[in-house]
$ cat model33.cif   # mmCIF, C-alpha atoms
data_protein
loop_
_atom_site.label_atom_id
_atom_site.label_comp_id
_atom_site.auth_asym_id
_atom_site.auth_seq_id
_atom_site.Cartn_x
_atom_site.Cartn_y
_atom_site.Cartn_z
CA MET A 22 -20.43 72.29 -50.76
CA LYS A 23 -17.19 71.30 -49.10
CA ARG A 24 -17.47 74.13 -46.54
CA GLN A 25 -21.02 72.99 -45.61
CA SER A 26 -19.93 69.36 -45.07
CA SER A 27 -17.08 70.52 -42.84
CA ARG A 28 -19.46 72.59 -40.72
CA ARG A 29 -21.70 69.52 -40.19
CA ARG A 30 -18.75 67.48 -38.98
CA MET A 31 -17.83 70.19 -36.50
CA ALA A 32 -21.37 70.52 -35.15
CA GLY A 33 -20.96 67.54 -32.64
CA PHE A 34 -23.20 64.57 -31.78
CA THR A 35 -26.76 64.37 -32.85
CA LEU A 36 -29.55 63.88 -30.32
CA ILE A 37 -29.97 60.25 -31.34
CA GLU A 38 -26.26 59.57 -30.88
CA MET A 39 -26.31 61.13 -27.41
CA MET A 40 -29.34 59.11 -26.38
CA ILE A 41 -27.69 55.91 -27.55
CA SER A 42 -24.52 56.83 -25.67
CA MET A 43 -26.47 57.53 -22.50
CA VAL A 44 -28.25 54.19 -22.69
CA VAL A 45 -24.98 52.35 -23.23
CA GLY A 46 -23.38 54.29 -20.36
CA LEU A 47 -26.26 53.46 -18.00
CA VAL A 48 -26.00 49.78 -18.87
CA VAL A 49 -22.24 49.82 -18.19
CA ILE A 50 -22.69 51.73 -14.92
CA SER A 51 -25.45 49.33 -13.79
CA ALA A 52 -23.22 46.38 -14.55
CA VAL A 53 -20.30 47.91 -12.65
CA VAL A 54 -22.52 48.68 -9.65
CA ALA A 55 -23.91 45.15 -9.65
CA VAL A 56 -20.40 43.69 -9.78
CA GLN A 57 -19.26 46.04 -7.04
CA LYS A 58 -22.21 45.10 -4.82
CA ALA A 59 -21.52 41.42 -5.35
CA PHE A 60 -17.84 41.95 -4.61
CA GLU A 61 -18.61 43.95 -1.46
CA SER A 62 -21.09 41.34 -0.28
CA GLN A 63 -18.51 38.61 -0.81
CA ARG A 64 -15.86 40.69 0.94
CA ARG A 65 -18.08 41.30 3.95
CA THR A 66 -18.95 37.63 4.09
CA SER A 67 -15.30 36.65 3.95
CA VAL A 68 -14.17 39.24 6.51
CA SER A 69 -17.01 38.43 8.93
CA GLY A 70 -16.32 34.73 8.60
CA ASN A 71 -12.61 35.18 9.18
CA ASP A 72 -13.25 37.40 12.19
CA LEU A 73 -15.58 34.79 13.70
CA ASP A 74 -13.11 32.00 12.97
CA ASN A 75 -10.36 33.93 14.74
CA ALA A 76 -12.59 34.86 17.68
CA GLY A 77 -13.75 31.26 18.05
CA ALA A 78 -10.25 29.83 17.86
CA TYR A 79 -9.05 32.25 20.51
CA ALA A 80 -12.03 31.56 22.80
CA LEU A 81 -11.56 27.79 22.54
CA ALA A 82 -7.83 28.17 23.24
CA GLN A 83 -8.65 30.13 26.38
CA ILE A 84 -11.12 27.49 27.53
CA ASP A 85 -8.71 24.67 26.70
CA SER A 86 -5.95 26.25 28.79
CA LEU A 87 -8.25 26.37 31.81
CA VAL A 88 -9.93 22.99 31.40
CA ARG A 89 -7.17 20.61 30.32
CA SER A 90 -5.49 20.48 33.76
CA ALA A 91 -8.74 20.21 35.69
CA GLY A 92 -8.39 17.99 38.73
CA SER A 93 -4.62 18.38 39.01
CA GLY A 94 -3.47 17.70 42.54
CA PHE A 95 -6.59 16.23 44.05
CA SER A 96 -7.85 13.65 41.53
CA GLN A 97 -5.57 10.90 42.86
CA GLY A 98 -7.46 10.95 46.15
CA TYR A 99 -10.84 11.46 44.55
CA GLN A 100 -12.69 9.37 47.15
CA GLN A 101 -11.93 12.09 49.71
CA SER A 102 -11.78 15.19 47.49
CA TYR A 103 -14.54 14.87 44.88
CA GLY A 104 -17.57 16.55 46.39
CA CYS A 105 -15.93 17.87 49.56
CA GLU A 106 -17.29 21.25 50.64
CA LEU A 107 -14.56 23.82 50.01
CA TYR A 108 -13.54 26.57 52.43
CA ALA A 109 -11.26 29.40 51.35
CA ASN A 110 -10.55 33.02 52.13
CA ASN A 111 -8.34 35.78 50.79
CA GLY A 112 -6.89 38.55 52.90
CA GLY A 113 -9.05 37.62 55.87
CA THR A 114 -12.29 37.72 53.86
CA ALA A 115 -14.20 34.48 53.54
CA LEU A 116 -14.69 33.55 49.87
CA LEU A 117 -16.09 30.03 50.09
CA PRO A 118 -18.70 29.25 51.18
CA ALA A 119 -19.82 32.48 49.57
CA GLY A 120 -21.77 34.94 51.66
CA GLY A 121 -23.79 36.06 48.63
CA ALA A 122 -24.14 35.68 44.89
CA PHE A 123 -21.15 35.87 42.60
CA ALA A 124 -20.93 38.84 40.26
CA SER A 125 -22.74 38.83 36.89
CA PRO A 126 -22.85 36.79 34.68
CA PHE A 127 -22.41 34.16 37.42
CA ASP A 128 -25.03 35.47 39.81
CA ASN A 129 -27.19 32.33 39.44
CA VAL A 130 -24.39 29.84 40.18
CA LEU A 131 -24.97 29.65 43.92
CA GLY A 132 -28.68 29.24 43.79
CA SER A 133 -31.29 31.90 43.21
CA ALA A 134 -34.88 30.83 42.86
CA GLY A 135 -35.46 28.25 40.16
CA THR A 136 -31.83 27.39 39.52
CA TRP A 137 -30.06 24.07 39.93
CA ASN A 138 -28.22 24.74 43.19
CA SER A 139 -29.96 24.98 46.54
CA LEU A 140 -26.82 24.46 48.67
CA GLY A 141 -26.87 27.90 50.22
CA GLY A 142 -23.60 29.18 48.82
CA ALA A 143 -21.55 25.99 49.23
CA VAL A 144 -19.05 25.11 46.51
CA ARG A 145 -17.87 21.52 46.31
CA VAL A 146 -14.64 20.31 44.77
CA ALA A 147 -14.76 18.70 41.32
CA PRO A 148 -12.47 18.87 38.27
CA LEU A 149 -15.25 20.17 36.05
CA VAL A 150 -18.97 20.67 36.48
CA ILE A 151 -21.38 21.87 33.80
CA LEU A 152 -24.03 24.24 35.14
CA PRO A 153 -26.64 24.11 32.38
CA LYS A 154 -28.70 27.06 31.21
CA ILE A 155 -28.16 29.34 34.20
CA THR A 156 -26.93 32.51 32.46
CA ASP A 157 -29.42 35.35 32.71
CA THR A 158 -31.32 35.57 29.43
CA ALA A 159 -31.12 39.37 29.55
CA LEU A 160 -27.35 39.11 29.03
CA LEU A 161 -27.65 37.01 25.91
CA ASN A 162 -28.53 37.83 22.31
CA GLN A 163 -31.31 40.45 22.43
CA GLY A 164 -32.73 38.64 25.46
CA ASN A 165 -33.01 35.31 23.65
CA GLY A 166 -31.34 31.92 24.06
CA GLN A 167 -29.69 30.11 26.94
CA SER A 168 -26.10 29.39 27.91
CA ASP A 169 -24.17 27.08 30.24
CA VAL A 170 -21.48 27.88 32.80
CA LEU A 171 -18.40 25.72 33.43
CA MET A 172 -16.95 25.39 36.94
CA VAL A 173 -13.31 24.27 36.66
CA MET A 174 -10.89 23.39 39.47
CA GLY A 175 -7.28 22.26 39.35
CA GLY A 176 -3.79 22.82 40.65
CA THR A 177 -0.69 23.77 38.72
CA GLY A 178 0.98 20.37 38.54
CA ALA A 179 3.83 21.07 40.95
CA GLU A 180 6.58 18.54 41.54
CA ALA A 181 5.44 15.55 43.59
CA ASN A 182 1.85 16.79 43.29
CA VAL A 183 0.63 13.92 45.41
CA GLN A 184 -1.47 13.94 48.53
CA THR A 185 0.74 13.61 51.61
CA LEU A 186 -0.82 12.16 54.75
CA PHE A 187 -0.75 13.84 58.14
CA SER A 188 1.58 12.21 60.67
CA ALA A 189 -0.24 13.79 63.62
CA PRO A 190 -3.54 15.56 64.20
CA ALA A 191 -3.48 19.18 63.09
CA ALA A 192 -2.50 21.67 65.75
CA SER A 193 -3.14 25.40 66.00
CA GLY A 194 -1.82 26.96 62.81
CA THR A 195 0.35 24.00 61.82
CA VAL A 196 0.08 20.79 59.81
CA THR A 197 2.51 17.91 60.37
CA LEU A 198 3.04 15.68 57.33
CA GLN A 199 4.79 12.37 56.73
CA SER A 200 6.98 14.12 54.13
CA GLY A 201 7.75 17.68 53.13
CA ALA A 202 8.66 16.80 49.54
CA GLY A 203 6.99 19.09 47.02
CA PHE A 204 6.03 21.80 49.55
CA HIS A 205 7.60 25.29 49.59
CA PRO A 206 7.02 28.61 51.35
CA ASN A 207 4.10 30.58 49.88
CA ASP A 208 2.59 27.41 48.43
CA LEU A 209 -1.17 27.16 48.34
CA ILE A 210 -2.27 23.77 49.62
CA MET A 211 -5.54 21.91 49.72
CA LEU A 212 -6.20 20.09 52.97
CA ILE A 213 -8.52 17.12 52.57
CA ASP A 214 -9.92 15.17 55.50
CA ALA A 215 -10.81 11.49 55.35
CA ALA A 216 -14.17 10.65 53.83
CA GLN A 217 -17.03 9.81 56.13
CA ALA A 218 -19.56 7.04 55.68
CA SER A 219 -22.02 9.48 54.10
CA GLY A 220 -19.46 11.03 51.76
CA PRO A 221 -16.51 13.44 51.67
CA ALA A 222 -15.75 15.67 54.64
CA THR A 223 -14.92 19.35 54.30
CA CYS A 224 -11.73 20.50 52.62
CA GLN A 225 -9.97 23.82 52.57
CA ILE A 226 -7.30 25.93 50.94
CA ASN A 227 -4.49 27.25 53.13
CA GLN A 228 -1.07 28.78 52.57
CA VAL A 229 2.38 27.68 53.71
CA GLY A 230 4.43 30.26 55.53
CA THR A 231 7.52 28.39 56.65
CA ILE A 232 8.49 24.72 56.75
CA THR A 233 10.19 23.01 59.70
CA ALA A 234 12.00 19.76 58.92
CA LEU A 235 11.32 16.89 61.32
CA ALA A 236 13.01 13.55 61.76
CA ASN A 237 10.00 11.76 60.31
CA GLY A 238 8.47 14.38 58.05
CA ALA A 239 7.85 18.11 58.04
CA GLN A 240 5.74 20.70 59.81
CA LEU A 241 4.01 23.29 57.64
CA ASN A 242 3.48 26.56 59.48
CA LEU A 243 0.49 28.28 57.96
CA SER A 244 0.45 31.99 57.24
CA GLY A 245 -0.32 34.36 54.40
CA THR A 246 -3.38 35.81 52.74
CA MET A 247 -5.08 32.46 52.21
CA VAL A 248 -5.17 31.54 55.92
CA ALA A 249 -8.03 32.43 58.23
CA ASN A 250 -8.50 31.61 61.92
CA PRO A 251 -5.66 29.06 61.99
CA THR A 252 -5.80 28.73 65.79
CA THR A 253 -9.46 27.96 66.32
CA ALA A 254 -11.47 24.88 65.53
CA THR A 255 -13.48 26.23 62.61
CA ALA A 256 -14.13 24.89 59.15
CA THR A 257 -11.79 27.53 57.74
CA SER A 258 -8.78 26.21 59.65
CA PRO A 259 -7.04 22.80 59.75
CA TYR A 260 -7.37 22.69 63.53
CA GLY A 261 -9.45 19.62 64.35
CA MET A 262 -8.81 17.68 61.14
CA SER A 263 -8.17 13.99 61.75
CA ILE A 264 -4.83 12.23 61.47
CA ASP A 265 -6.18 10.58 58.32
CA ALA A 266 -6.30 13.93 56.51
CA SER A 267 -3.85 14.85 53.75
CA ALA A 268 -2.35 17.88 52.03
CA VAL A 269 -1.53 18.53 48.39
CA PRO A 270 0.21 21.53 46.80
CA ILE A 271 -1.95 23.24 44.17
CA GLY A 272 0.13 26.32 43.30
CA ASN A 273 1.49 29.40 45.00
CA SER A 274 0.74 33.05 45.60
CA VAL A 275 3.52 34.52 43.47
CA GLY A 276 2.27 33.88 39.95
CA ASN A 277 1.77 30.13 39.68
CA TYR A 278 -1.90 30.31 40.55
CA PRO A 279 -4.27 27.33 40.69
CA THR A 280 -7.43 27.28 38.58
CA PHE A 281 -10.71 27.72 40.44
CA GLN A 282 -12.68 29.38 37.67
CA LEU A 283 -16.18 29.92 36.40
CA ILE A 284 -16.47 30.30 32.60
CA GLY A 285 -19.56 31.62 30.85
CA VAL A 286 -21.05 34.22 28.51
CA GLY A 287 -21.54 37.76 29.73
CA ALA A 288 -23.04 40.90 28.27
CA ASN A 289 -22.10 42.01 24.75
CA SER A 290 -21.28 38.44 23.68
CA GLN A 291 -18.11 38.31 25.76
CA LEU A 292 -16.71 35.03 27.01
CA THR A 293 -16.07 35.72 30.69
CA SER A 294 -14.20 34.02 33.53
CA TYR A 295 -14.28 34.54 37.28
CA ASP A 296 -11.59 33.50 39.77
CA MET A 297 -13.46 32.15 42.80
CA LEU A 298 -10.29 32.52 44.91
CA GLN A 299 -9.72 36.11 43.71
CA LEU A 300 -5.99 35.54 43.37
CA ILE A 301 -5.68 37.51 40.12
CA ASN A 302 -8.88 39.51 39.77
CA ALA A 303 -11.67 40.20 42.22
CA ALA A 304 -14.22 40.64 39.44
CA PRO A 305 -15.16 38.69 36.30
CA VAL A 306 -12.95 39.42 33.28
CA ALA A 307 -13.56 39.07 29.53
CA ILE A 308 -11.42 36.40 27.86
CA GLY A 309 -13.01 36.34 24.39
CA ASP A 310 -15.40 38.16 22.07
CA SER A 311 -18.30 37.34 19.73
CA VAL A 312 -19.47 34.34 21.81
CA MET A 313 -23.26 34.33 21.84
CA GLU A 314 -23.77 31.03 23.71
CA LEU A 315 -21.70 28.29 25.38
CA HIS A 316 -22.95 24.72 25.76
CA ALA A 317 -21.29 21.56 27.02
CA LEU A 318 -21.74 17.81 27.43
CA TYR A 319 -19.89 15.32 29.60
CA LEU A 320 -18.12 12.36 28.05
CA THR A 321 -18.32 9.56 30.59
CA ALA A 322 -16.57 6.19 30.76
CA ASN A 323 -19.62 4.09 31.42
CA GLY A 324 -21.15 3.24 28.09
CA VAL A 325 -20.57 2.51 24.42
CA GLY A 326 -19.04 4.50 21.63
CA THR A 327 -15.56 6.01 21.36
CA SER A 328 -14.06 9.40 22.05
CA PRO A 329 -10.66 11.02 22.56
CA CYS A 330 -10.99 10.46 26.32
CA GLY A 331 -9.30 7.10 25.72
CA ALA A 332 -12.08 4.84 26.97
CA ALA A 333 -15.51 3.68 25.93
CA CYS A 334 -17.42 6.91 26.37
CA ILE A 335 -20.82 8.37 25.82
CA GLY A 336 -22.15 11.88 25.88
CA VAL A 337 -24.28 13.00 28.82
CA ASP A 338 -26.46 16.11 28.87
CA PRO A 339 -26.57 17.25 32.53
CA SER A 340 -29.89 19.00 32.01
CA LYS A 341 -31.52 15.73 30.92
CA THR A 342 -29.76 13.09 33.06
CA ALA A 343 -30.64 13.27 36.75
CA ALA A 344 -27.46 11.58 38.02
CA TYR A 345 -25.33 14.25 36.29
CA ASN A 346 -27.43 17.28 37.14
CA PRO A 347 -25.27 19.66 39.22
CA SER A 348 -27.55 19.45 42.25
CA THR A 349 -26.99 15.67 42.28
CA LEU A 350 -23.30 15.70 41.40
CA LEU A 351 -22.61 18.21 44.16
CA ASN A 352 -24.74 16.81 46.98
CA GLY A 353 -21.75 15.45 48.91
CA THR A 354 -22.66 11.76 48.84
CA THR A 355 -20.56 8.74 47.97
CA ALA A 356 -22.78 8.15 44.93
CA ALA A 357 -22.03 11.68 43.70
CA THR A 358 -18.30 11.10 44.18
CA ALA A 359 -18.51 7.93 42.09
CA ALA A 360 -20.44 9.73 39.34
CA LEU A 361 -17.88 12.56 39.22
CA ALA A 362 -15.15 9.96 38.76
CA THR A 363 -16.77 8.68 35.55
CA ILE A 364 -16.36 12.05 33.77
CA LYS A 365 -13.30 11.72 31.55
CA ALA A 366 -13.73 14.50 28.99
CA VAL A 367 -15.99 17.36 28.02
CA ARG A 368 -17.39 18.45 24.65
CA ILE A 369 -17.75 22.22 24.49
CA GLY A 370 -19.65 24.04 21.78
CA LEU A 371 -19.70 27.76 21.04
CA ILE A 372 -22.17 29.76 18.98
CA LEU A 373 -20.40 32.84 17.63
CA LYS A 374 -22.16 35.93 16.34
CA SER A 375 -20.71 38.74 14.26
CA PRO A 376 -21.16 42.18 15.88
CA LEU A 377 -22.01 43.75 12.49
CA MET A 378 -25.64 43.76 11.39
CA GLU A 379 -25.96 42.95 7.68
CA LYS A 380 -28.34 44.26 5.02
CA LEU A 381 -30.71 41.82 3.42
CA GLN A 382 -29.05 40.26 0.40
CA GLY A 383 -30.00 38.22 -2.64
CA PRO A 384 -30.03 38.16 -6.46
CA SER A 385 -32.70 39.62 -8.75
CA GLY A 386 -34.27 41.69 -5.98
CA ALA A 387 -35.26 38.63 -3.92
CA LEU A 388 -33.82 39.84 -0.62
CA THR A 389 -33.06 37.32 2.13
CA HIS A 390 -31.54 37.45 5.62
CA VAL A 391 -27.89 36.44 5.89
CA GLY A 392 -28.36 34.23 8.97
CA PRO A 393 -29.51 30.58 8.81
CA PRO A 394 -32.84 29.58 10.38
CA THR A 395 -31.17 27.23 12.91
CA LEU A 396 -27.77 26.43 14.39
CA THR A 397 -26.83 23.03 15.81
CA LEU A 398 -24.19 21.61 18.16
CA PHE A 399 -23.22 18.05 19.21
CA SER A 400 -24.90 16.25 16.30
CA ASP A 401 -22.16 13.58 16.28
CA VAL A 402 -22.00 12.80 20.02
CA PRO A 403 -23.41 9.34 20.90
CA ASP A 404 -25.87 8.92 23.74
CA ALA A 405 -26.22 5.97 26.14
CA THR A 406 -27.41 3.75 23.28
CA GLY A 407 -24.45 4.67 21.10
CA THR A 408 -26.68 6.67 18.77
CA PRO A 409 -25.46 10.09 17.60
CA GLY A 410 -27.94 12.91 17.15
CA ASN A 411 -30.04 12.47 20.28
CA LEU A 412 -27.95 14.99 22.21
CA THR A 413 -28.03 17.67 19.50
CA TYR A 414 -28.60 21.22 20.69
CA THR A 415 -30.59 23.28 18.18
CA ARG A 416 -30.83 27.05 18.39
CA THR A 417 -33.64 28.60 16.35
CA LEU A 418 -32.80 32.13 15.32
CA ASP A 419 -35.35 34.93 15.62
CA PRO A 420 -37.59 32.97 17.99
CA THR A 421 -39.75 36.03 18.71
CA GLY A 422 -40.51 36.75 15.05
CA LEU A 423 -39.04 40.25 14.98
CA CYS A 424 -37.39 39.95 11.58
CA SER A 425 -38.72 42.22 8.86
CA ALA A 426 -39.14 40.93 5.34
CA THR A 427 -37.94 44.19 3.84
CA ALA A 428 -35.37 45.78 6.16
CA PRO A 429 -32.93 44.71 8.87
CA LEU A 430 -33.87 45.36 12.49
CA PRO A 431 -31.49 45.52 15.47
CA GLN A 432 -33.60 42.82 17.16
CA CYS A 433 -33.50 40.50 14.16
CA GLU A 434 -31.12 37.61 14.84
CA LEU A 435 -31.19 36.62 11.17
CA ASP A 436 -29.43 39.81 10.10
CA PHE A 437 -26.10 38.74 11.62
CA ARG A 438 -23.54 36.12 10.61
CA TYR A 439 -22.82 33.08 12.79
CA ARG A 440 -20.34 30.27 13.32
CA THR A 441 -20.49 27.15 15.45
CA MET A 442 -17.32 25.61 16.87
CA GLU A 443 -16.80 22.54 19.04
CA ILE A 444 -13.89 21.03 20.92
CA THR A 445 -13.43 17.82 22.91
CA ILE A 446 -11.08 18.30 25.86
CA PRO A 447 -9.85 15.20 27.73
CA LEU A 448 -9.53 15.75 31.47
CA ARG A 449 -6.06 14.29 31.79
CA ASN A 450 -6.03 13.99 35.58
CA PRO A 451 -9.44 12.28 35.98
CA MET A 452 -8.47 9.99 33.08
CA MET A 453 -5.92 8.34 35.40
CA ILE A 454 -8.70 7.15 37.71
CA SER A 455 -9.45 3.49 36.95
#
$ encode --input "model33.cif" --output "structure tokens"
Amino acid sequence: MKRQSSRRRMAGFTLIEMMISMVVGLVVISAVVAVQKAFESQRRTSVSGNDLDNAGAYALAQIDSLVRSAGSGFSQGYQQSYGCELYANNGGTALLPAGGAFASPFDNVLGSAGTWNSLGGAVRVAPLVILPKITDTALLNQGNGQSDVLMVMGGTGAEANVQTLFSAPAASGTVTLQSGAGFHPNDLIMLIDAAQASGPATCQINQVGTITALANGAQLNLSGTMVANPTTATATSPYGMSIDASAVPIGNSVGNYPTFQLIGVGANSQLTSYDMLQLINAAPVAIGDSVMELHALYLTANGVGTSPCGAACIGVDPSKTAAYNPSTLLNGTTAATAALATIKAVRIGLILKSPLMEKLQGPSGALTHVGPPTLTLFSDVPDATGTPGNLTYTRTLDPTGLCSATAPLPQCELDFRYRTMEITIPLRNPMMIS
């Protein structure tokens, strides 16, 4: 009897015991898998969110560095400079007025059919102009949405940095000023003629070669890559400018470059800038990633409400307010100059999109898309009545209804993660205008 009992103990598990063990094991494995899936989902959410936060912070820092000094050098004489038609060249090639469209994503800036600008390639001077909704839709998120472009202009804040009047009419290839303080060889200078009754005259960018001291001032001898036709009476030379014209240093050609930039969203959700003077790059360059759309509002000192611009300010949507539409702001009239002078700050909003498409997620088998149905910007900016919310921009995701209820699709906007970020940037040079 003892030997038989020992043999039973050595025979192993019974079928019932094995079945129970398998059931318990499956339950444990299912629980572990569920926990792991939840952990992975949370990890992906956290990582995607952190990546978007970092990308947004970097993109806003890039924009802030370009925008904050807008208007430096020429804002003090805004009656003559704001709205003047700008002429510039580089290496003997005329840049402005442009002979054709800028490179993508800025190919609509100068006025293709149906866009805001019908000025035939002219670019007019202003610290900052919002060009609303002109980015090609094909460059944006799966061909959906709209995005603004910022045109930013400013010098580098050199010493003196004030407009110096001519002391004599411009001669061939030279400019005679009442003072040479603040001017150096290789400096880039903006020459601004006196305003006419109808509005600002033309202005131009030239380059100082050498400086000759005079008893009552200084003579700037123009030479370098930013000078064209200095000896003939053309719009690209100072020859023929009146004695009431002025000059202001805006930077130089050896690294301290002025800012004459376009900023917008290009292909593959890249924040892109373009140097209209082609001092650094002749083509648009990427300055940030994961930016799906860029939008902006003016903050103007002509209403109620408060903002960091330091005055009673309101938000203005240039696509909805005729006086601040780019075609009106840049029409070269005295009224346009006065309107440009009221812009004291800008609110910029970014919609950021993760590059990683996500699987549908949700508890208990109820799968849902990870993206929200809508994204909003500017909900707190007051309008002309002082009421916030009327200037809100709302982006509806998946506007073409491509999202599947059961599986992610590359075209489905709801299967990506998003962030919205906003920044208010005071324009410190225009703020000094009373």
$ residues_near_point --input "model33.cif" --point "(-0.6, 19.8, 43.8)" --cutoff "10 Å" --atoms "all atoms listed in the file" --output "VMD selection string"
chain A and resid 92 to 96 175 to 184 203 to 204 208 to 211 268 to 273 279
$ closest_residue --input "model33.cif" --among "A:His316, A:Arg145, A:Lys380, A:Arg89" --to "A:Ala366" --atoms "all atoms listed in the file"
A:Arg89
$ residues_around --input "model33.cif" --residues "A:Val286" --least-positions-apart "4" --cutoff "12 Å" --atoms "only C-alpha atoms" --output "short mmCIF file (atom, residue, chain, number, x, y, z; two decimals) with C-alpha atoms, in the coordinates of the input"
data_model
loop_
_atom_site.label_atom_id
_atom_site.label_comp_id
_atom_site.auth_asym_id
_atom_site.auth_seq_id
_atom_site.Cartn_x
_atom_site.Cartn_y
_atom_site.Cartn_z
CA ALA A 80 -12.03 31.56 22.80
CA SER A 125 -22.74 38.83 36.89
CA PRO A 126 -22.85 36.79 34.68
CA PHE A 127 -22.41 34.16 37.42
CA LYS A 154 -28.70 27.06 31.21
CA ILE A 155 -28.16 29.34 34.20
CA THR A 156 -26.93 32.51 32.46
CA ASP A 157 -29.42 35.35 32.71
CA THR A 158 -31.32 35.57 29.43
CA ALA A 159 -31.12 39.37 29.55
CA LEU A 160 -27.35 39.11 29.03
CA LEU A 161 -27.65 37.01 25.91
CA ASN A 162 -28.53 37.83 22.31
CA GLY A 166 -31.34 31.92 24.06
CA GLN A 167 -29.69 30.11 26.94
CA SER A 168 -26.10 29.39 27.91
CA ASP A 169 -24.17 27.08 30.24
CA VAL A 170 -21.48 27.88 32.80
CA LEU A 171 -18.40 25.72 33.43
CA SER A 290 -21.28 38.44 23.68
CA GLN A 291 -18.11 38.31 25.76
CA LEU A 292 -16.71 35.03 27.01
CA THR A 293 -16.07 35.72 30.69
CA SER A 294 -14.20 34.02 33.53
CA TYR A 295 -14.28 34.54 37.28
CA PRO A 305 -15.16 38.69 36.30
CA VAL A 306 -12.95 39.42 33.28
CA ALA A 307 -13.56 39.07 29.53
CA ILE A 308 -11.42 36.40 27.86
CA GLY A 309 -13.01 36.34 24.39
CA ASP A 310 -15.40 38.16 22.07
CA SER A 311 -18.30 37.34 19.73
CA VAL A 312 -19.47 34.34 21.81
CA MET A 313 -23.26 34.33 21.84
CA GLU A 314 -23.77 31.03 23.71
CA LEU A 315 -21.70 28.29 25.38
CA HIS A 316 -22.95 24.72 25.76
CA LEU A 371 -19.70 27.76 21.04
CA ILE A 372 -22.17 29.76 18.98
CA LEU A 373 -20.40 32.84 17.63
#
$ closest_residue --input "model33.cif" --among "A:Gly276, A:Gly230, A:Pro347, A:Gly238" --to "A:Gly132" --atoms "all atoms listed in the file"
A:Pro347
$ closest_residue --input "model33.cif" --among "A:Gln432, A:Ser375, A:Thr441, A:Asn75" --to "A:Leu396" --atoms "all atoms listed in the file"
A:Thr441
$ atom_distance --input "model33.cif" --atom1 "atom CA of A:Gly164" --atom2 "atom CA of A:Gly285"
15.9 Å
$ atom_distance --input "model33.cif" --atom1 "atom CA of A:Val88" --atom2 "atom CA of A:Val402"
19.5 Å
$ resolve_selection --input "model33.cif" --expression "the PyMOL selection byres ((chain A and resi 242) around 10)" --output "PDB file with C-alpha atoms, in the coordinates of the input"
ATOM      1  CA  ALA A 192      -2.500  21.670  65.750  1.00  0.00           C
ATOM      2  CA  SER A 193      -3.140  25.400  66.000  1.00  0.00           C
ATOM      3  CA  GLY A 194      -1.820  26.960  62.810  1.00  0.00           C
ATOM      4  CA  THR A 195       0.350  24.000  61.820  1.00  0.00           C
ATOM      5  CA  VAL A 196       0.080  20.790  59.810  1.00  0.00           C
ATOM      6  CA  THR A 197       2.510  17.910  60.370  1.00  0.00           C
ATOM      7  CA  PRO A 206       7.020  28.610  51.350  1.00  0.00           C
ATOM      8  CA  GLN A 228      -1.070  28.780  52.570  1.00  0.00           C
ATOM      9  CA  VAL A 229       2.380  27.680  53.710  1.00  0.00           C
ATOM     10  CA  GLY A 230       4.430  30.260  55.530  1.00  0.00           C
ATOM     11  CA  THR A 231       7.520  28.390  56.650  1.00  0.00           C
ATOM     12  CA  ILE A 232       8.490  24.720  56.750  1.00  0.00           C
ATOM     13  CA  THR A 233      10.190  23.010  59.700  1.00  0.00           C
ATOM     14  CA  ALA A 239       7.850  18.110  58.040  1.00  0.00           C
ATOM     15  CA  GLN A 240       5.740  20.700  59.810  1.00  0.00           C
ATOM     16  CA  LEU A 241       4.010  23.290  57.640  1.00  0.00           C
ATOM     17  CA  LEU A 243       0.490  28.280  57.960  1.00  0.00           C
ATOM     18  CA  SER A 244       0.450  31.990  57.240  1.00  0.00           C
ATOM     19  CA  PRO A 251      -5.660  29.060  61.990  1.00  0.00           C
TER      20      PRO A 251
END
$ residues_around --input "model33.cif" --residues "A:Thr223" --least-positions-apart "5" --cutoff "9 Å" --atoms "all atoms listed in the file" --output "count of residues only"
13
$ residues_around --input "model33.cif" --residues "stretch 81-85 of chain A" --least-positions-apart "5" --cutoff "9 Å" --atoms "only C-alpha atoms" --output "JSON list (two decimals) with C-alpha atoms, in the frame of the given file"
[["chain", "number", "residue", "atom", "x", "y", "z"],
["A", 76, "ALA", "CA", -12.59, 34.86, 17.68],
["A", 90, "SER", "CA", -5.49, 20.48, 33.76],
["A", 284, "ILE", "CA", -16.47, 30.30, 32.60],
["A", 308, "ILE", "CA", -11.42, 36.40, 27.86],
["A", 309, "GLY", "CA", -13.01, 36.34, 24.39],
["A", 369, "ILE", "CA", -17.75, 22.22, 24.49],
["A", 370, "GLY", "CA", -19.65, 24.04, 21.78],
["A", 371, "LEU", "CA", -19.70, 27.76, 21.04],
["A", 442, "MET", "CA", -17.32, 25.61, 16.87],
["A", 443, "GLU", "CA", -16.80, 22.54, 19.04],
["A", 444, "ILE", "CA", -13.89, 21.03, 20.92],
["A", 446, "ILE", "CA", -11.08, 18.30, 25.86]]
$ residues_around --input "model33.cif" --residues "A:Pro339" --least-positions-apart "4" --cutoff "9 Å" --atoms "all atoms listed in the file" --output "list in words"
Ile151, Leu152, Pro153, Ala317, Leu318, Tyr319, Ala343, Ala344, Tyr345, Asn346 and Pro347 of chain A
